[in-house]
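Enquirer: A single structure is presented below for examination.
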Amino acid sequence: MSVYFPEGRNIQPFPGVSTSLYALDDPAGTVVMINEVAPGAVVPQHVHDEHQIGLCLRGGFIMEVDGRDYPIPALETAYFAPGGTPHAARNESGATAVTVDIKRKPVPGEEGQLTRSPPGAVALPLTEMRAVKGGLGISFFVGPWFEIMLSSLQPGARMPLHSHRGIQIGIGVSGTYTMQVGEEIRPFGPEVVYHAPEYVPHSGWNDESRDATSLNVFIPPRWNLRPKRERA
Ligand SMILES: [Fe+2]
Ligand SMILES: [Fe+2]
């Protein structure tokens, strides 16, 4: 049984929505849900204490947060619905959408304004992709106290073994690469989720012949932090 690569469990939370649910065994009770949302499917308005962060991997949908609609095209815009905010979703696109939700109980001390994301922003645009050493391209959806990195690994790309403060959660998007978390080494691609708890070493490398992309969530952010003196 894996510690760092949680097993998905299939559920049908709403008509037309089929979900693989990955529960991370962490104090915030974090769950990652990867959803296939049929054309016309509606997630009715609801509210919960957990924060909800989400985006779309394929297709697009409309996210409603606090009575306002936000179009969420695949891998262009993420959203943030803070705990206690009413929200709903619907797929008006005529095609199946594949979406991701991350739900997480509020953690005391976690929710400061640590980045330059505009306070209160719901829609989080993707920043421009930039190339970093080792054959990686990275861009970000930046929230107030979290960031989601969209990374692309060329064939031969390597993210060296490292560990750090804060947690990191990964969701495979396209292609496959190899991911190591602690002692566990697994193929990482679509429908695979990893969880690197604080200070657990992890690395990734692409030994395949095509590019692979993934989403990597950092709480707190690592790349888009404001200088310490500017943080609220
Ligand atoms: Fe929700
Ligand atoms: Fe990391």
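Identifiers for the structure tokens are assigned positionally: chains receive A, B, ... in sequence, residues are indexed from 1 per chain, and ligands are indexed from 1 in the order shown.
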What's around region 198-212 of chain A at 6 Å? Count only C-alpha atoms, leave out sequence neighbours fewer than 5 positions away in its own chain, and write the answer as an MDAnalysis selection string.
Expert: chainID A and resid 152:167 174:182
Enquirer: Restricting the output to C-alpha atoms, write the selected residues as a PDB file, in the first residue's frame.
Expert:
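Once written, selection30.pdb looks like this:
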ATOM      1  CA  SER A 152       6.241  20.426 -18.678  1.00  0.00           C
ATOM      2  CA  LEU A 153       9.107  17.911 -18.788  1.00  0.00           C
ATOM      3  CA  GLN A 154      10.826  17.317 -22.110  1.00  0.00           C
ATOM      4  CA  PRO A 155      12.215  13.848 -22.826  1.00  0.00           C
ATOM      5  CA  GLY A 156      15.356  13.569 -20.673  1.00  0.00           C
ATOM      6  CA  ALA A 157      14.186  16.298 -18.259  1.00  0.00           C
ATOM      7  CA  ARG A 158      15.024  15.833 -14.613  1.00  0.00           C
ATOM      8  CA  MET A 159      13.895  17.519 -11.410  1.00  0.00           C
ATOM      9  CA  PRO A 160      16.626  16.652  -8.893  1.00  0.00           C
ATOM     10  CA  LEU A 161      15.835  15.058  -5.532  1.00  0.00           C
ATOM     11  CA  HIS A 162      14.994  17.796  -3.011  1.00  0.00           C
ATOM     12  CA  SER A 163      12.863  18.435   0.054  1.00  0.00           C
ATOM     13  CA  HIS A 164      11.330  21.558   1.526  1.00  0.00           C
ATOM     14  CA  ARG A 165       8.972  23.219   3.917  1.00  0.00           C
ATOM     15  CA  GLY A 166       5.277  23.002   2.998  1.00  0.00           C
ATOM     16  CA  ILE A 167       3.397  20.328   1.129  1.00  0.00           C
ATOM     17  CA  SER A 174      -0.517  14.396 -20.131  1.00  0.00           C
ATOM     18  CA  GLY A 175       2.238  11.949 -21.019  1.00  0.00           C
ATOM     19  CA  THR A 176       4.019   9.958 -18.340  1.00  0.00           C
ATOM     20  CA  TYR A 177       7.152  10.516 -16.336  1.00  0.00           C
ATOM     21  CA  THR A 178       8.665   8.866 -13.296  1.00  0.00           C
ATOM     22  CA  MET A 179       8.036  10.377  -9.897  1.00  0.00           C
ATOM     23  CA  GLN A 180       9.812   9.511  -6.678  1.00  0.00           C
ATOM     24  CA  VAL A 181       8.377  10.503  -3.292  1.00  0.00           C
ATOM     25  CA  GLY A 182      10.235   9.166  -0.251  1.00  0.00           C
TER      26      GLY A 182
END
Enquirer: Show me a table, sorted first by chain and then by increasing residue number, of the residues of chain A having an atom at most 8 Å from ligand 1, each with its shortest atom pair and the distance in Å to one decimal, counting only C-alpha atoms and all ligand atoms and written as JSON lines.
Expert:
{"residue": "A:His46", "atom": "CA", "partner": "ligand 1", "partner_atom_place_in_ligand_line": "1 (Fe)", "distance": 6.3}
{"residue": "A:Val47", "atom": "CA", "partner": "ligand 1", "partner_atom_place_in_ligand_line": "1 (Fe)", "distance": 6.2}
{"residue": "A:His48", "atom": "CA", "partner": "ligand 1", "partner_atom_place_in_ligand_line": "1 (Fe)", "distance": 6.5}
{"residue": "A:Glu50", "atom": "CA", "partner": "ligand 1", "partner_atom_place_in_ligand_line": "1 (Fe)", "distance": 8.0}
{"residue": "A:Gln52", "atom": "CA", "partner": "ligand 1", "partner_atom_place_in_ligand_line": "1 (Fe)", "distance": 6.2}
{"residue": "A:His87", "atom": "CA", "partner": "ligand 1", "partner_atom_place_in_ligand_line": "1 (Fe)", "distance": 6.4}
{"residue": "A:Ala88", "atom": "CA", "partner": "ligand 1", "partner_atom_place_in_ligand_line": "1 (Fe)", "distance": 7.2}
{"residue": "A:Lys103", "atom": "CA", "partner": "ligand 1", "partner_atom_place_in_ligand_line": "1 (Fe)", "distance": 7.6}
Enquirer: Of the residues A:Val3, A:Val65, A:Ala23, A:Ile219, which is the one nearest to ligand 2, using only C-alpha atoms and all ligand atoms?
Expert: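 Looking at the shortest contact to ligand 2, the residue is A:Ile219.
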Enquirer: Excluding Pro13 (chain A) and any residue of its chain fewer than 2 positions from it, enumerate the residues within 12 Å of it, using only C-alpha atoms, and give them as a list in words.
Expert: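 Contacts, in chain order: Arg9, Asn10, Ile11, Pro15, Gly16, Val17, Ser18, Thr19, Ser20, Leu21, Met33, Ile34, Asn35, Glu36, Val37, Ala41, Val42, Val43 and Pro44 of chain A.
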Enquirer: At a cut-off of 9 Å, using only C-alpha atoms, what residues contact Phe5 (chain A)? Leave out same-chain residues fewer than 5 positions from it and give the result as JSON, numbers by chain.
Expert: {"A": [22, 24, 181, 184, 186, 192, 193, 194, 195, 196]}
Enquirer: Please identify all polymer residues within 9 Å of region 108-122 of chain A, counting only C-alpha atoms, omitting same-chain residues fewer than 3 positions from it, and present them as a list of chain:residue names.
Expert: A:Val65, A:Tyr70, A:Ala78, A:Tyr79, A:Phe80, A:Ala81, A:Pro82, A:Val142, A:Gly143, A:Pro144, A:Trp145, A:Phe146, A:Glu147, A:Ile219, A:Pro220, A:Pro221, A:Asn224, A:Leu225, A:Arg226, A:Pro227, A:Lys228, A:Glu230, A:Arg231, A:Ala232
Enquirer: Which residue out of A:Ile148, A:Ile185, A:Ile62, A:Ala89 has the minimum interatomic distance to ligand 2 when only C-alpha atoms and all ligand atoms are used?
Expert: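 Looking only at the distances to ligand 2, the closest residue turns out to be A:Ile148.
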Enquirer: Name the residues in contact with Leu126 (chain A) at a cut-off of 9 Å, using only C-alpha atoms, excluding same-chain residues fewer than 5 positions from it; report them as number ranges by chain.
Expert: A: 75-78, 139-142, 150
Enquirer: Restricting it to N, CA and C atoms, dump the selection as a PDB file, in the first residue's frame.
Expert:
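That gives us out-v7.pdb:
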ATOM      1  N   LEU A  75      -6.828  24.566 -18.460  1.00  0.00           N
ATOM      2  CA  LEU A  75      -5.442  24.979 -18.237  1.00  0.00           C
ATOM      3  C   LEU A  75      -5.168  26.439 -18.592  1.00  0.00           C
ATOM      4  N   GLU A  76      -6.206  27.277 -18.424  1.00  0.00           N
ATOM      5  CA  GLU A  76      -6.012  28.720 -18.641  1.00  0.00           C
ATOM      6  C   GLU A  76      -6.335  29.529 -17.401  1.00  0.00           C
ATOM      7  N   THR A  77      -7.361  29.105 -16.666  1.00  0.00           N
ATOM      8  CA  THR A  77      -7.805  29.842 -15.482  1.00  0.00           C
ATOM      9  C   THR A  77      -8.135  28.827 -14.396  1.00  0.00           C
ATOM     10  N   ALA A  78      -7.647  29.049 -13.178  1.00  0.00           N
ATOM     11  CA  ALA A  78      -8.073  28.239 -12.035  1.00  0.00           C
ATOM     12  C   ALA A  78      -9.023  29.104 -11.204  1.00  0.00           C
ATOM     13  N   SER A 139       4.818  27.282 -15.365  1.00  0.00           N
ATOM     14  CA  SER A 139       3.961  28.458 -15.261  1.00  0.00           C
ATOM     15  C   SER A 139       3.025  28.221 -14.080  1.00  0.00           C
ATOM     16  N   PHE A 140       2.315  29.273 -13.655  1.00  0.00           N
ATOM     17  CA  PHE A 140       1.620  29.193 -12.361  1.00  0.00           C
ATOM     18  C   PHE A 140       0.220  29.785 -12.384  1.00  0.00           C
ATOM     19  N   PHE A 141      -0.663  29.178 -11.610  1.00  0.00           N
ATOM     20  CA  PHE A 141      -1.887  29.812 -11.128  1.00  0.00           C
ATOM     21  C   PHE A 141      -1.575  30.204  -9.675  1.00  0.00           C
ATOM     22  N   VAL A 142      -1.667  31.501  -9.384  1.00  0.00           N
ATOM     23  CA  VAL A 142      -1.221  31.958  -8.065  1.00  0.00           C
ATOM     24  C   VAL A 142      -2.418  32.395  -7.221  1.00  0.00           C
ATOM     25  N   LEU A 150       2.035  24.525 -13.334  1.00  0.00           N
ATOM     26  CA  LEU A 150       1.879  23.646 -14.490  1.00  0.00           C
ATOM     27  C   LEU A 150       3.278  23.418 -15.019  1.00  0.00           C
TER      28      LEU A 150
END
Enquirer: From the list A:Gly67, A:Pro197, A:Gly137, A:Pro39, which residue is nearest ligand 2 when using only C-alpha atoms and all ligand atoms?
Expert: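 For ligand 2, the nearest of the given residues is A:Pro197.
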Enquirer: Let's see if you can do this: from backbone DSSP, list all strand (DSSP E or B) residues in region 27-82 of chain A, as a ChimeraX atom specification.
Expert: /A:31-37,42-46,51-58,60-65,68-73,77-81
Enquirer: Find the residue from A:Gly172, A:Ala123, A:Met149, A:Phe188 that sits nearest to ligand 2; use only C-alpha atoms and all ligand atoms when measuring.
Expert: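 Among A:Gly172, A:Ala123, A:Met149, A:Phe188, it is A:Met149 that comes nearest to ligand 2.
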Enquirer: Do a neighbour search on Ala74 (chain A) at 6 Å with only C-alpha atoms, toss out local chain neighbours closer than 2 positions, and write the hits as a PDB file with C-alpha atoms, in the first residue's frame.
Expert:
ATOM      1  CA  CYS A  56     -10.154  22.202 -15.865  1.00  0.00           C
ATOM      2  CA  LEU A  57      -7.893  19.694 -17.645  1.00  0.00           C
ATOM      3  CA  ARG A  58      -9.999  19.212 -20.773  1.00  0.00           C
ATOM      4  CA  GLY A  59     -12.918  21.166 -22.236  1.00  0.00           C
ATOM      5  CA  GLY A  60     -14.322  23.948 -20.108  1.00  0.00           C
ATOM      6  CA  GLU A  76      -6.012  28.720 -18.641  1.00  0.00           C
TER       7      GLU A  76
END
